[in-house]
Amino acid sequence: MPQVPILLPAHNASEWTGPTGNNTWLLRGKAPALIDAGVGHPEHIAALQRALGRARLARVFITHDHPDHTAGLAALEARWPRVDFVDADDAFAGVTSVPAGDGRLDLILTPGHSPDHLCFFDRESRDLYCGDLARVGGSIVIPARKGGNLREYLASLERVRELRPRRLLPGHGPIVDDPIALIDQYIAHRAERERQILDAMAAGARTPEQIVARVYEGLSEALQRAAIETVEAHLQKLREEGRI
């Protein structure tokens, strides 16, 4: 039977992480595995302990090295010593599949949001644990100053689209039951954002800040920096393509 993941919220709600904070996903079974580490909140650790019962956490799969996905590693290791960690270093070393629960997860390199971004694919259930590749109700920040790359991100969306996953289980927000439709929406959104940036430049905008002021209307101050970095990622892509 396909594995059934258990959602364990990380208890770090914010404007950045969303009203429910980060998602972590537990696969119970012979090799209990957690996808993403949360932030070490005591309620998250306690909920994980309850869900495991007498079992010991065997490994933690890390989608990427951003603090809201990794800050809980120390707390997890303190509670379950000798827990194994699976991250992009394993994928770069040639590891393609790792036991998780009663099955296995394939490691799918999906850079763009970060250089080390991974998705984890359960081929039996066709669930894809997608970290910050996609989410319902908002776009994904491409932080150019922290290694974000829009061309790589679009290629990663296409790579995941070719897998034809049944569901996306993201790092933020609800489960995505129609992955292909969301991916197509994301690709169309980036094309539209690119057109808006080019229009803003044609109208006289000359800095990322000026472009953000024209393109992102009503944006909260807390999200200004993310918008600027995403615009910078678009400009980098346009330069690489020789279009600006």
# chains A, B, ... in the order shown; residues from 1 in each chain; ligands from 1
>>> select_by_dssp(residues="range 87-206 of chain A", states="helix (DSSP H, G or I)", output="PyMOL selection string")
chain A and resi 88-92+144-146+150-163+179-202
>>> residues_around(residues="range 144-154 of chain A", least_positions_apart="3", cutoff="12 Å", atoms="only C-alpha atoms", output="JSON, numbers by chain")
{"A": [64, 65, 66, 109, 110, 111, 112, 113, 114, 115, 116, 117, 118, 132, 133, 134, 140, 141, 157, 158, 159, 160, 161, 183, 184, 185, 186, 187, 188, 189, 190, 191, 193, 194, 208, 225, 226, 227, 228, 229, 230, 231, 232, 233, 234, 235, 236, 237, 238, 239, 240, 241]}
>>> write_last_selection(atoms="N, CA and C atoms", output="short mmCIF file (atom, residue, chain, number, x, y, z; two decimals), in the first residue's frame")
data_model
loop_
_atom_site.label_atom_id
_atom_site.label_comp_id
_atom_site.auth_asym_id
_atom_site.auth_seq_id
_atom_site.Cartn_x
_atom_site.Cartn_y
_atom_site.Cartn_z
N HIS A 64 16.31 22.03 1.50
CA HIS A 64 17.32 23.04 1.20
C HIS A 64 17.74 23.73 2.48
N ASP A 65 18.86 24.41 2.42
CA ASP A 65 19.50 24.95 3.62
C ASP A 65 19.06 26.38 3.91
N HIS A 66 17.75 26.60 4.05
CA HIS A 66 17.24 27.87 4.55
C HIS A 66 16.79 27.65 5.99
N LEU A 109 17.15 16.74 -7.86
CA LEU A 109 17.76 18.06 -7.77
C LEU A 109 16.88 19.09 -8.48
N THR A 110 16.51 20.13 -7.75
CA THR A 110 15.62 21.16 -8.29
C THR A 110 16.12 22.56 -7.89
N PRO A 111 17.31 22.95 -8.33
CA PRO A 111 17.84 24.26 -7.96
C PRO A 111 17.00 25.40 -8.54
N GLY A 112 17.17 26.56 -7.96
CA GLY A 112 16.47 27.76 -8.43
C GLY A 112 16.11 28.64 -7.27
N HIS A 113 15.26 28.15 -6.38
CA HIS A 113 14.98 28.89 -5.14
C HIS A 113 16.25 28.97 -4.31
N SER A 114 17.03 27.93 -4.34
CA SER A 114 18.37 27.89 -3.75
C SER A 114 19.21 26.94 -4.58
N PRO A 115 20.54 27.06 -4.54
CA PRO A 115 21.38 26.18 -5.35
C PRO A 115 21.30 24.72 -4.94
N ASP A 116 20.93 24.46 -3.66
CA ASP A 116 20.95 23.10 -3.13
C ASP A 116 19.54 22.51 -2.98
N HIS A 117 18.56 23.08 -3.66
CA HIS A 117 17.18 22.65 -3.44
C HIS A 117 16.95 21.24 -3.99
N LEU A 118 16.28 20.42 -3.16
CA LEU A 118 15.92 19.05 -3.53
C LEU A 118 14.42 18.86 -3.37
N ASP A 132 10.30 24.27 -1.16
CA ASP A 132 9.91 25.61 -1.62
C ASP A 132 9.91 25.71 -3.14
N LEU A 133 9.64 24.60 -3.82
CA LEU A 133 9.50 24.67 -5.27
C LEU A 133 8.19 25.32 -5.66
N ALA A 134 7.12 25.04 -4.92
CA ALA A 134 5.79 25.55 -5.27
C ALA A 134 4.92 25.54 -4.03
N ILE A 140 6.95 31.81 -5.49
CA ILE A 140 8.16 31.47 -4.75
C ILE A 140 9.21 32.56 -4.96
N VAL A 141 9.82 33.00 -3.87
CA VAL A 141 10.89 33.98 -3.95
C VAL A 141 12.12 33.32 -4.57
N LEU A 157 11.03 23.37 -12.50
CA LEU A 157 9.59 23.18 -12.67
C LEU A 157 9.30 22.21 -13.81
N GLU A 158 10.00 22.36 -14.92
CA GLU A 158 9.81 21.46 -16.06
C GLU A 158 10.22 20.03 -15.69
N ARG A 159 11.31 19.89 -14.92
CA ARG A 159 11.78 18.56 -14.51
C ARG A 159 10.71 17.86 -13.67
N VAL A 160 10.13 18.59 -12.74
CA VAL A 160 9.08 18.01 -11.90
C VAL A 160 7.83 17.73 -12.72
N ARG A 161 7.50 18.59 -13.65
CA ARG A 161 6.33 18.37 -14.50
C ARG A 161 6.45 17.05 -15.25
N ILE A 183 1.98 24.04 -11.72
CA ILE A 183 3.26 24.29 -12.39
C ILE A 183 3.06 25.16 -13.62
N ASP A 184 2.05 24.85 -14.41
CA ASP A 184 1.77 25.66 -15.59
C ASP A 184 1.43 27.10 -15.20
N GLN A 185 0.71 27.25 -14.11
CA GLN A 185 0.38 28.59 -13.61
C GLN A 185 1.64 29.34 -13.20
N TYR A 186 2.56 28.64 -12.55
CA TYR A 186 3.81 29.26 -12.13
C TYR A 186 4.64 29.72 -13.33
N ILE A 187 4.73 28.88 -14.34
CA ILE A 187 5.52 29.23 -15.53
C ILE A 187 4.90 30.44 -16.22
N ALA A 188 3.57 30.46 -16.32
CA ALA A 188 2.88 31.60 -16.94
C ALA A 188 3.08 32.86 -16.10
N HIS A 189 3.06 32.72 -14.78
CA HIS A 189 3.26 33.88 -13.90
C HIS A 189 4.64 34.49 -14.10
N ARG A 190 5.66 33.65 -14.22
CA ARG A 190 7.01 34.18 -14.41
C ARG A 190 7.14 34.89 -15.76
N ALA A 191 6.50 34.36 -16.79
CA ALA A 191 6.53 35.02 -18.09
C ALA A 191 5.84 36.39 -18.01
N ARG A 193 5.48 38.22 -15.25
CA ARG A 193 6.31 39.11 -14.43
C ARG A 193 7.47 39.67 -15.25
N GLU A 194 8.05 38.83 -16.10
CA GLU A 194 9.13 39.29 -16.97
C GLU A 194 8.65 40.41 -17.89
N PRO A 208 16.38 47.92 -9.38
CA PRO A 208 15.40 46.95 -8.89
C PRO A 208 14.35 47.58 -7.99
N ARG A 225 12.22 43.34 0.45
CA ARG A 225 13.54 42.78 0.12
C ARG A 225 13.39 41.54 -0.75
N ALA A 226 12.41 40.69 -0.45
CA ALA A 226 12.20 39.49 -1.26
C ALA A 226 11.83 39.86 -2.69
N ALA A 227 10.98 40.88 -2.85
CA ALA A 227 10.59 41.31 -4.19
C ALA A 227 11.78 41.87 -4.95
N ILE A 228 12.63 42.64 -4.27
CA ILE A 228 13.81 43.19 -4.94
C ILE A 228 14.73 42.08 -5.42
N GLU A 229 14.95 41.07 -4.58
CA GLU A 229 15.83 39.98 -4.98
C GLU A 229 15.22 39.16 -6.12
N THR A 230 13.91 38.99 -6.13
CA THR A 230 13.27 38.27 -7.23
C THR A 230 13.40 39.06 -8.53
N VAL A 231 13.23 40.39 -8.46
CA VAL A 231 13.45 41.22 -9.65
C VAL A 231 14.88 41.07 -10.13
N GLU A 232 15.83 41.06 -9.21
CA GLU A 232 17.23 40.88 -9.59
C GLU A 232 17.44 39.53 -10.29
N ALA A 233 16.72 38.50 -9.85
CA ALA A 233 16.82 37.20 -10.51
C ALA A 233 16.27 37.27 -11.93
N HIS A 234 15.18 38.01 -12.14
CA HIS A 234 14.64 38.20 -13.49
C HIS A 234 15.65 38.96 -14.35
N LEU A 235 16.27 40.00 -13.79
CA LEU A 235 17.24 40.78 -14.55
C LEU A 235 18.46 39.92 -14.92
N GLN A 236 18.89 39.08 -14.00
CA GLN A 236 20.00 38.17 -14.29
C GLN A 236 19.66 37.26 -15.47
N LYS A 237 18.44 36.71 -15.46
CA LYS A 237 18.00 35.84 -16.55
C LYS A 237 17.98 36.60 -17.87
N LEU A 238 17.45 37.82 -17.86
CA LEU A 238 17.38 38.63 -19.08
C LEU A 238 18.76 38.97 -19.61
N ARG A 239 19.70 39.24 -18.70
CA ARG A 239 21.09 39.51 -19.13
C ARG A 239 21.71 38.26 -19.75
N GLU A 240 21.50 37.10 -19.11
CA GLU A 240 22.07 35.85 -19.63
C GLU A 240 21.53 35.53 -21.02
N GLU A 241 20.31 35.95 -21.25
CA GLU A 241 19.68 35.69 -22.56
C GLU A 241 19.99 36.79 -23.58
#
>>> select_by_dssp(residues="range 90-183 of chain A", states="strand (DSSP E or B)", output="PyMOL selection string")
chain A and resi 97-101+103-109+118-122+127-131+167-170+172+176
>>> atom_distance(atom1="CA of Val176 in chain A", atom2="CA of Gly218 in chain A")
27.0 Å
>>> residues_around(residues="Asp87 in chain A", least_positions_apart="2", cutoff="6 Å", atoms="only C-alpha atoms", output="PDB file with N, CA and C atoms, in the first residue's frame")
ATOM      1  N   ILE A  62      16.306  16.864   4.004  1.00  0.00           N
ATOM      2  CA  ILE A  62      16.333  18.330   3.980  1.00  0.00           C
ATOM      3  C   ILE A  62      16.160  18.812   2.538  1.00  0.00           C
ATOM      4  N   ASP A  89      24.077  17.342  -0.585  1.00  0.00           N
ATOM      5  CA  ASP A  89      25.398  16.737  -0.690  1.00  0.00           C
ATOM      6  C   ASP A  89      25.305  15.283  -1.125  1.00  0.00           C
ATOM      7  N   ASP A  90      24.289  14.576  -0.645  1.00  0.00           N
ATOM      8  CA  ASP A  90      24.090  13.182  -1.069  1.00  0.00           C
ATOM      9  C   ASP A  90      23.752  13.111  -2.549  1.00  0.00           C
TER      10      ASP A  90
END
>>> atom_distance(atom1="CA of His172 in chain A", atom2="CA of Arg135 in chain A")
6.3 Å
>>> closest_residue(among="A:Pro67, A:Gly173, A:Gly204, A:Pro165", to="Cys119 in chain A", atoms="only C-alpha atoms")
A:Pro165
>>> residues_around(residues="Arg104 in chain A", least_positions_apart="4", cutoff="10 Å", atoms="only C-alpha atoms", output="number ranges by chain")
A: 3, 31, 97-100, 120-124
>>> residues_around(residues="range 10-13 of chain A", least_positions_apart="6", cutoff="9 Å", atoms="only C-alpha atoms", output="list of chain:residue names")
A:Pro19, A:Thr20, A:Gly21, A:Asn22, A:Asn23, A:Thr24, A:Ala37, A:Gly38, A:Val39, A:Gly40, A:His41, A:Pro42, A:Glu43, A:His44, A:Ile45, A:Asp68, A:Gly72
>>> atom_distance(atom1="CA of Ala93 in chain A", atom2="CA of Thr63 in chain A")
15.8 Å
